[in-house]
Every structure is written in C-alpha cells, then in structure tokens.
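Next comes model-v1.txt, with compact mmCIF, C-alpha atoms and all ligand atoms.
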```txt
# COMPACT_ATOMS: atom_id res chain seq x y z
CA MET A 1 -39.83 -63.46 135.78
CA ILE A 2 -41.61 -60.11 136.18
CA LYS A 3 -43.03 -58.20 133.25
CA LEU A 4 -44.91 -54.88 133.42
CA TYR A 5 -47.27 -53.81 130.65
CA TYR A 6 -47.43 -50.02 130.73
CA GLY A 7 -48.73 -46.99 128.84
CA PRO A 8 -46.45 -43.92 128.99
CA GLY A 9 -47.62 -41.42 131.60
CA SER A 10 -50.64 -43.50 132.52
CA CYS A 11 -51.39 -44.88 136.00
CA SER A 12 -48.94 -47.69 135.21
CA LEU A 13 -46.20 -45.12 135.86
CA ALA A 14 -46.52 -45.89 139.59
CA PRO A 15 -45.66 -49.62 139.40
CA HIS A 16 -43.02 -48.82 136.78
CA ILE A 17 -41.25 -46.46 139.21
CA VAL A 18 -41.63 -48.95 142.05
CA LEU A 19 -40.11 -51.79 140.01
CA GLU A 20 -37.12 -49.60 139.19
CA GLU A 21 -36.80 -48.54 142.84
CA LEU A 22 -36.90 -52.15 144.06
CA GLY A 23 -33.85 -52.84 141.95
CA ILE A 24 -35.13 -56.26 140.88
CA ALA A 25 -34.94 -57.72 137.37
CA TYR A 26 -38.04 -56.96 135.30
CA ASP A 27 -39.10 -56.41 131.71
CA SER A 28 -41.35 -53.60 130.57
CA VAL A 29 -43.67 -53.83 127.60
CA LEU A 30 -44.97 -50.63 126.04
CA VAL A 31 -48.69 -50.73 125.26
CA SER A 32 -49.54 -47.64 123.24
CA LEU A 33 -52.94 -46.45 124.46
CA LYS A 34 -53.09 -43.75 121.81
CA ASP A 35 -52.68 -46.39 119.11
CA GLY A 36 -55.30 -48.56 120.77
CA GLU A 37 -52.87 -51.43 121.41
CA HIS A 38 -54.63 -52.21 124.69
CA LYS A 39 -57.72 -53.21 122.70
CA LYS A 40 -55.89 -55.56 120.36
CA ALA A 41 -55.87 -59.36 120.63
CA ASP A 42 -52.29 -59.64 121.88
CA PHE A 43 -52.89 -57.46 124.91
CA LEU A 44 -56.41 -58.74 125.57
CA LYS A 45 -54.82 -62.14 126.18
CA VAL A 46 -52.88 -60.48 129.01
CA ASN A 47 -55.71 -58.37 130.42
CA PRO A 48 -59.18 -58.92 128.94
CA LYS A 49 -60.29 -55.70 130.69
CA ALA A 50 -58.12 -53.78 128.17
CA ARG A 51 -56.37 -51.64 130.76
CA VAL A 52 -52.82 -51.05 131.92
CA PRO A 53 -51.05 -51.74 134.19
CA ALA A 54 -50.80 -55.50 134.07
CA LEU A 55 -48.03 -57.34 135.87
CA ASN A 56 -47.02 -60.82 134.80
CA VAL A 57 -45.23 -62.69 137.56
CA ASP A 58 -44.00 -66.13 136.58
CA GLY A 59 -46.87 -66.52 134.12
CA LYS A 60 -49.63 -65.23 136.42
CA VAL A 61 -51.17 -61.84 135.73
CA MET A 62 -52.09 -59.25 138.35
CA THR A 63 -54.11 -56.18 137.38
CA GLU A 64 -55.20 -53.04 139.27
CA CYS A 65 -52.70 -50.49 140.55
CA VAL A 66 -53.62 -51.02 144.19
CA ALA A 67 -53.09 -54.78 144.00
CA ILE A 68 -49.86 -54.47 142.01
CA LEU A 69 -48.41 -51.79 144.30
CA THR A 70 -49.39 -53.80 147.38
CA TYR A 71 -47.75 -56.89 145.91
CA LEU A 72 -44.57 -55.04 145.01
CA GLY A 73 -44.37 -53.19 148.32
CA GLY A 74 -45.28 -56.10 150.58
CA GLY A 75 -43.72 -58.86 148.48
CA PHE A 76 -40.32 -57.16 148.54
CA ALA A 77 -40.64 -55.68 152.02
CA ASP A 78 -36.89 -55.86 152.62
CA ARG A 79 -36.51 -53.05 150.05
CA GLY A 80 -38.25 -50.66 152.45
CA LEU A 81 -41.09 -49.32 150.28
CA TRP A 82 -43.82 -50.73 152.49
CA PRO A 83 -44.77 -49.91 156.11
CA LYS A 84 -43.88 -52.63 158.63
CA ASP A 85 -46.88 -52.34 160.91
CA THR A 86 -50.24 -53.82 159.78
CA TRP A 87 -52.22 -50.70 160.68
CA ARG A 88 -49.83 -48.52 158.66
CA GLN A 89 -50.01 -50.97 155.75
CA CYS A 90 -53.79 -50.58 155.77
CA GLU A 91 -53.41 -46.80 155.87
CA ALA A 92 -51.25 -47.04 152.74
CA ILE A 93 -53.88 -49.25 151.07
CA SER A 94 -56.58 -46.81 152.15
CA ILE A 95 -54.84 -43.87 150.43
CA MET A 96 -54.14 -45.91 147.30
CA SER A 97 -57.73 -47.19 147.13
CA TRP A 98 -59.05 -43.64 147.32
CA LEU A 99 -56.63 -42.54 144.59
CA SER A 100 -57.80 -45.40 142.41
CA ASN A 101 -61.54 -45.40 143.03
CA THR A 102 -62.12 -41.67 143.44
CA VAL A 103 -59.32 -39.46 142.08
CA HIS A 104 -58.64 -41.63 139.01
CA ILE A 105 -62.36 -41.93 138.31
CA SER A 106 -62.76 -38.14 138.38
CA PHE A 107 -60.04 -37.86 135.74
CA ALA A 108 -61.95 -40.34 133.59
CA GLY A 109 -64.70 -37.71 133.43
CA ILE A 110 -62.20 -35.44 131.69
CA PHE A 111 -60.17 -37.94 129.62
CA ARG A 112 -63.02 -40.32 128.77
CA PRO A 113 -66.42 -38.55 129.08
CA GLU A 114 -67.83 -40.93 126.45
CA ARG A 115 -67.69 -43.62 129.14
CA TYR A 116 -70.44 -41.81 131.03
CA ALA A 117 -72.62 -40.40 128.25
CA ASP A 118 -72.89 -41.12 124.53
CA ASP A 119 -74.29 -37.67 123.87
CA ALA A 120 -71.29 -35.39 123.15
CA ALA A 121 -73.44 -32.37 123.97
CA VAL A 122 -73.26 -33.20 127.67
CA HIS A 123 -69.50 -33.85 127.72
CA PRO A 124 -68.56 -30.26 128.64
CA GLN A 125 -70.87 -30.49 131.65
CA LEU A 126 -69.35 -33.84 132.67
CA LYS A 127 -65.88 -32.35 132.34
CA ALA A 128 -66.79 -29.31 134.41
CA THR A 129 -68.17 -31.50 137.19
CA ALA A 130 -65.09 -33.74 137.05
CA LEU A 131 -62.86 -30.68 137.31
CA SER A 132 -64.59 -29.37 140.41
CA ASN A 133 -64.33 -32.86 141.97
CA ILE A 134 -60.61 -32.92 141.14
CA ASP A 135 -60.19 -29.50 142.80
CA ARG A 136 -61.66 -30.96 145.98
CA HIS A 137 -59.57 -34.15 145.85
CA PHE A 138 -56.39 -32.19 145.20
CA ALA A 139 -57.09 -29.90 148.17
CA ASP A 140 -57.44 -33.07 150.28
CA ILE A 141 -54.08 -34.35 148.99
CA GLU A 142 -52.45 -31.00 149.80
CA LYS A 143 -53.80 -31.25 153.35
CA MET A 144 -52.76 -34.91 153.67
CA LEU A 145 -49.15 -34.10 152.70
CA THR A 146 -48.84 -31.03 154.90
CA GLY A 147 -46.09 -31.48 157.50
CA LYS A 148 -44.85 -34.71 155.92
CA THR A 149 -41.89 -35.61 153.73
CA PHE A 150 -43.78 -38.45 152.06
CA ALA A 151 -47.38 -39.70 152.08
CA MET A 152 -46.70 -42.12 154.92
CA GLY A 153 -44.53 -39.66 156.88
CA GLY A 154 -40.76 -40.03 156.75
CA GLN A 155 -40.71 -43.28 154.77
CA TYR A 156 -40.83 -43.29 150.95
CA THR A 157 -43.38 -45.96 150.02
CA VAL A 158 -45.26 -47.23 146.97
CA VAL A 159 -47.92 -44.58 147.69
CA ASP A 160 -45.63 -41.71 146.63
CA PRO A 161 -45.17 -42.67 142.96
CA PHE A 162 -48.94 -43.26 142.78
CA LEU A 163 -49.50 -39.65 143.94
CA LEU A 164 -47.07 -38.50 141.26
CA VAL A 165 -49.32 -39.93 138.55
CA PHE A 166 -52.12 -37.56 139.52
CA TYR A 167 -49.79 -34.60 140.03
CA ARG A 168 -48.65 -35.02 136.41
CA TRP A 169 -52.24 -35.33 135.24
CA GLY A 170 -53.03 -32.08 137.05
CA ASN A 171 -50.31 -30.41 134.96
CA ARG A 172 -51.57 -32.20 131.89
CA ILE A 173 -55.07 -30.71 132.19
CA GLY A 174 -53.59 -27.26 132.78
CA LEU A 175 -54.11 -26.78 136.52
CA PRO A 176 -51.65 -24.31 138.09
CA MET A 177 -50.19 -27.06 140.28
CA LYS A 178 -47.22 -25.11 141.69
CA GLU A 179 -49.28 -22.10 142.70
CA ARG A 180 -52.32 -23.95 143.98
CA TYR A 181 -50.65 -26.96 145.65
CA PRO A 182 -47.25 -25.84 147.00
CA VAL A 183 -46.89 -28.70 149.50
CA TRP A 184 -47.73 -31.37 146.94
CA SER A 185 -45.39 -29.64 144.46
CA LYS A 186 -42.49 -30.02 146.88
CA HIS A 187 -43.46 -33.66 147.37
CA ALA A 188 -43.53 -34.19 143.60
CA GLN A 189 -40.08 -32.60 143.28
CA ARG A 190 -38.78 -34.88 146.02
CA VAL A 191 -40.12 -37.92 144.17
CA VAL A 192 -38.87 -36.91 140.70
CA SER A 193 -35.43 -36.09 142.05
CA ARG A 194 -34.85 -39.81 142.73
CA PRO A 195 -32.56 -41.34 140.11
CA THR A 196 -34.97 -44.28 139.68
CA VAL A 197 -37.81 -41.91 138.77
CA LYS A 198 -35.58 -40.01 136.34
CA ARG A 199 -34.75 -43.31 134.61
CA VAL A 200 -38.40 -44.27 134.28
CA PHE A 201 -39.40 -40.81 132.98
CA GLU A 202 -36.70 -41.18 130.35
CA ALA A 203 -37.78 -44.70 129.45
CA GLU A 204 -41.43 -43.59 129.09
CA GLY A 205 -40.51 -40.34 127.28
CA ILE A 206 -42.34 -38.11 129.77
CA THR A 207 -41.63 -35.15 132.07
CA LEU A 208 -43.32 -33.86 135.22
CA GLU A 209 -45.10 -31.22 133.19
CA GLY A 210 -46.28 -33.27 130.29
CA VAL A 211 -45.91 -35.51 127.24
CA ALA A 212 -48.18 -38.54 127.05
N1 LIG B 301 -58.57 -49.36 138.20
C1 LIG B 301 -57.52 -49.60 137.26
C2 LIG B 301 -57.61 -48.55 136.16
C3 LIG B 301 -56.71 -48.87 135.01
C4 LIG B 301 -56.89 -47.85 133.90
O1 LIG B 301 -57.97 -47.25 133.73
N2 LIG B 301 -55.83 -47.67 133.13
C5 LIG B 301 -55.90 -46.74 132.02
C6 LIG B 301 -54.60 -45.96 131.91
S1 LIG B 301 -54.40 -44.85 133.29
C7 LIG B 301 -56.15 -47.47 130.73
O2 LIG B 301 -55.64 -48.55 130.52
N3 LIG B 301 -56.98 -46.88 129.89
C8 LIG B 301 -57.32 -47.44 128.63
C9 LIG B 301 -58.70 -47.02 128.22
O3 LIG B 301 -59.36 -46.32 129.00
O4 LIG B 301 -59.14 -47.40 127.14
C10 LIG B 301 -56.17 -49.55 137.95
O5 LIG B 301 -56.03 -48.81 138.92
O6 LIG B 301 -55.25 -50.26 137.54
```

Please re-express this file's structure in structure tokens.
Amino acid sequence: MIKLYYGPGSCSLAPHIVLEELGIAYDSVLVSLKDGEHKKADFLKVNPKARVPALNVDGKVMTECVAILTYLGGGFADRGLWPKDTWRQCEAISIMSWLSNTVHISFAGIFRPERYADDAAVHPQLKATALSNIDRHFADIEKMLTGKTFAMGGQYTVVDPFLLVFYRWGNRIGLPMKERYPVWSKHAQRVVSRPTVKRVFEAEGITLEGVA
C-alpha cells in the first residue's frame, strides 16, 4: 500500500508525477498548505516536521523529496525512471540534493521570509537576495540542460519532474521563464506533454504557469 501526502503545486508534485508514471497502485491525500492542514494533529502524526511530501509505504513513512524520489526510482527500477549504473545514480542524487538543499531553500527566502527573520522590515531585502540567488541557480540549470533531452541525457528519470517543480515556481514568482531560460522551457514542455504529467496537473488543479 502506497500513499502520498501532497500539497498542490508544492515540491510534492515531483513524487506525485513519478508515482503516476510508474503506473503502480497508490493513493494520494491532499494536504492543504494554505489552510494550514500540515500543521494539524492528523498530519503531524504522519510527519511531525509538518512538511509535504510524505510517502506511506505499508505503514512506514518516508519524508524528503530526495529520499522519496530515490526510493521510487530505484525501488521500481524496471520502470526505467532510474539510471542503471551506480555512478549515474549518484549523479542523479547529486542534482536532486542540490535542488533540495540549495534551489528550494532560496525559494523559501521568497515564500517564507519569516523563517529567517521575525522583523518584517528586512523581508524585502531577504527576498531580493533570494531572487538573485535563484537567478544564479536557474542559469546553472539552463547550462546543465543544454544539449540534453532530459536532465540525465536521453533517459527520462525522477530528476525531470523535480526540475519541473522549480520551473513552475519561477513562473509563479513572475520570472520571464520562456525568454530567459529557453532550453529549460523546452525541457519543461517535454515533461508536461507526458500524459502522466497532464493527469497529475489536473488532479492537483494546477498548470505550468500557475495556480497553487
Ligand atoms: N526538504 C524537504 C522540504 C519539504 C517542504 O519544505 N515542503 C513544503 C512544500 S514545498 C512544505 O511542506 N511547506 C509547509 C510549510 O513551510 O509550512 C523536502 O525536500 O521534502
């Protein structure tokens, strides 16, 4: 039994897409972040850290996108979303770790500045710094994808839906994604054109450009 706890359009979008792509049976449970459901007792029993995603597998809970995506990719390797060779697997983990511990954290400076300073007067400064960091990270992603169909080359892997999360967030904060990151934009189009991704967007009520 596999159950994913997700917030629409949040980083949990990546494991949601991967579950759909794997074609295995799973349940999805909507946790409304805007209604604060992740901070309520029911969800805290699932993940006391009050964050999505959380993946319940036969009664055991896994948290953290990188761990969940690694589990789904490697645990269902016959579905082809995970590199075969150990070095390449570590390269995939390396990209995902950077997305999680650097790119995601820069977005927190924009979405959640109160995490870094109580004083609202300094929030604009925190946001400005976060934005310039995001500019740099996004330029690195553009370079990383140049000359490739997918993040790991020709193979579509669990890394690609994770990249899509941040592409959407770029749109969400008003960056001119298409103009500034043409290579990544083509990659994003390639990912969203998959029927599995279309189904998950519909289920979460989101589009590439926005909502949630
Ligand atoms: N490092 C965690 C981050 C999880 C995380 O921050 N999730 C966000 C949604 S993208 C969340 O639950 N936010 C709720 C909050 O900040 O209160 C991961 O990669 O899974």

Non-local contacts of range 53-55 of chain A (9 Å; all atoms listed in the file; under 5 positions in same chain excluded) as a PDB file with C-alpha atoms, keeping the file's coordinate frame:
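Generated output (out-v1.pdb):
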```
ATOM      1  CA  ILE A   2     -41.610 -60.110 136.180  1.00  0.00           C
ATOM      2  CA  LYS A   3     -43.030 -58.200 133.250  1.00  0.00           C
ATOM      3  CA  LEU A   4     -44.910 -54.880 133.420  1.00  0.00           C
ATOM      4  CA  TYR A   5     -47.270 -53.810 130.650  1.00  0.00           C
ATOM      5  CA  TYR A   6     -47.430 -50.020 130.730  1.00  0.00           C
ATOM      6  CA  GLY A   7     -48.730 -46.990 128.840  1.00  0.00           C
ATOM      7  CA  SER A  10     -50.640 -43.500 132.520  1.00  0.00           C
ATOM      8  CA  CYS A  11     -51.390 -44.880 136.000  1.00  0.00           C
ATOM      9  CA  SER A  12     -48.940 -47.690 135.210  1.00  0.00           C
ATOM     10  CA  LEU A  13     -46.200 -45.120 135.860  1.00  0.00           C
ATOM     11  CA  PRO A  15     -45.660 -49.620 139.400  1.00  0.00           C
ATOM     12  CA  HIS A  16     -43.020 -48.820 136.780  1.00  0.00           C
ATOM     13  CA  VAL A  46     -52.880 -60.480 129.010  1.00  0.00           C
ATOM     14  CA  ASN A  47     -55.710 -58.370 130.420  1.00  0.00           C
ATOM     15  CA  LYS A  60     -49.630 -65.230 136.420  1.00  0.00           C
ATOM     16  CA  VAL A  61     -51.170 -61.840 135.730  1.00  0.00           C
ATOM     17  CA  MET A  62     -52.090 -59.250 138.350  1.00  0.00           C
ATOM     18  CA  THR A  63     -54.110 -56.180 137.380  1.00  0.00           C
ATOM     19  CA  GLU A  64     -55.200 -53.040 139.270  1.00  0.00           C
ATOM     20  CA  CYS A  65     -52.700 -50.490 140.550  1.00  0.00           C
ATOM     21  CA  ILE A  68     -49.860 -54.470 142.010  1.00  0.00           C
TER      22      ILE A  68
END
```

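Near Gly74 in chain A, within 12 Å and counting all atoms listed in the file, sit Val18, Leu22, Val66, Ala67, Ile68, Leu69, Thr70, Asp78, Arg79, Gly80, Leu81, Trp82, Pro83, Lys84, Asp85, Thr86, Arg88, Gln89, Cys90, Ala92, Ile93, Thr157 and Val158 of chain A; same-chain residues fewer than 4 positions away were not included.
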
Set up a box along x, y and z of the file covering all listed atoms of ligand LIG 301 (chain B), add 5 Å on every one of the six sides, and write the centre and edge lengths in Å to one decimal, as lines of an AutoDock Vina configuration file.
```
center_x = -56.9
center_y = -47.6
center_z = 133.0
size_x = 15.0
size_y = 15.4
size_z = 21.8
```

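Interatomic distance, CA of Val31 in chain A to CA of Ala130 in chain A: 26.4 Å.
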
What is the CA of Ile206 in chain A to CA of Gly9 in chain A distance in Å?
-> 6.5 Å

Counting all atoms listed in the file, figure out which residue out of A:Ile105, A:Ala120, A:Leu44, A:Val197 gets nearest to ligand LIG 301 (chain B).
-> A:Ile105

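With all atoms listed in the file as the basis for measurement, A:Asn171 is the residue among A:Asn171, A:Ser32, A:Asn101, A:Ser106 that approaches Ser185 in chain A most closely.
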
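Picture a line from CA of His104 in chain A to CA of His123 in chain A; it runs 17.5 Å.
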
Using all atoms listed in the file, which residue out of A:Glu20, A:Glu209, A:Glu37, A:Glu179 lies closest to ligand LIG 301 (chain B)?
-> A:Glu37

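Residue nearest Glu202 in chain A within the list A:Ala117, A:Leu33, A:Ile17, A:Met1: A:Ile17 [criterion: smallest interatomic distance, all atoms listed in the file].
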
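Counting all atoms listed in the file and comparing A:Met152, A:Met96, A:Leu175, A:Leu72, the residue that lies closest to Leu131 in chain A is A:Leu175.
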
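When all atoms listed in the file are used to compute distances to ligand LIG 301 (chain B), the closest of the residues A:Asp27, A:Glu114, A:Asp140, A:Glu21 turns out to be A:Glu114.
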